[in-house]
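Remarks on the structure that follows.
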Amino acid sequence: MAFRFNFAIEENESTESDAHGEADLQLDPPKHEQTADAAAACSPQPGTAKHAGKDLSEKKLCFPAAREHHVPEDVSKVLENKVLETVSDLRYVKVSTVEMTRRGGMHGEDIVWKSISAHSDLIPGVYEGGLKIWECTFDLLEYLAEAGLQFANKAVLDLGCGAGLLGIAALRGKAAKVHFQDYNSTVIDEITLPNVVANCVNDGNGTGGADERKIVKPPSKKPRKAECLPDALSRCRFFSGEWSEVSRLLLGSSEPCSKYDVILTSETIYNPDYYGALHDTLSQLLDKNGRVYLASKVHYFGVGGGVYLFEKLVEERKVFTISTVKETDQGLKRFVMEMAFKDSC
């Protein structure tokens, strides 16, 4: 299926600055500052922070335990109190409404409250930006459509999924299974899972044209439960936690998951401090003949990561090949990269 994206990224008044580099390249310096919430008393590990005022090796970050999130039997509950918008035949939860309902600081991880309090999109070891839809996601979606990548009967992982749009595209492409992972459990519960449910069902509201944005009603209870669970949603699993912890959960359970034919990931190489963890996760979870498709900006100002630095690490490790399959020159240069095991090429 083909996608055409002319997407206005979700407005987020409290966290408008984009650590990944916005289209107009104007960054808000205060949002690169560390906050007290970022330093938790835990053993040092590779950081997962997009903002790092100090070397993360000096910090002690407390990573949440990896866990699986199960789809409720009544999927209508997933969309309760959610406002949905539609663009290019993809539905997504309006993030500002999630923020409005979770501003009180009494909700699980409290990432919305902490993000607002810190005036930052991202807080090291606390909130990793999954509430926003970052622009490279749409570069990768466009590439998947342009290249005609086939997902039928394949196992797919949407790594660092956020809104889950990449995994949803694979699900629509008849993937045998699609797993979604994000650092924050709140993102999975409030954004990813609702988006997957909203895109699995057919409620008769229509989806509009490629450039249309509109609010759609939540689904009725009975038809959704009958339509979704036996098919599309039964092929999905949802996980939260830091990458290495999720890998251990997937591979170390009594029924370990099979490796993935395709791993999709966008805007996940912003910080070189955790390149090793990302590289290890990809090498552990990718099937020997599988492919990774990674979308990224050329450079992430204020953080230091980017395409060339990640390519250098990949080449030094000598595990994967890596090549550019799509390049976008609008504003800050962006790339889609393809990775495969060296011995599979």
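Scheme for the structure tokens: letters A, B, ... for chains in order shown; per-chain residue numbers from 1; ligand numbers from 1 in order shown.
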
Do you know which residues are at most 6 Å from Tyr92 of chain A counting only C-alpha atoms, after dropping those on the same chain fewer than 3 positions away, and could you put them as a ChimeraX atom specification? /A:84-85,195

Mind pulling up the distance from atom CA of Val262 of chain A to atom CA of Gln284 of chain A?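 Separating atom CA of Gln284 of chain A from atom CA of Val262 of chain A is a distance of 12.8 Å.
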
Across A:Ile269, A:Val93, A:Val71, A:Leu159, the smallest distance to Gly305 of chain A, with only C-alpha atoms counted, is shown by A:Ile269
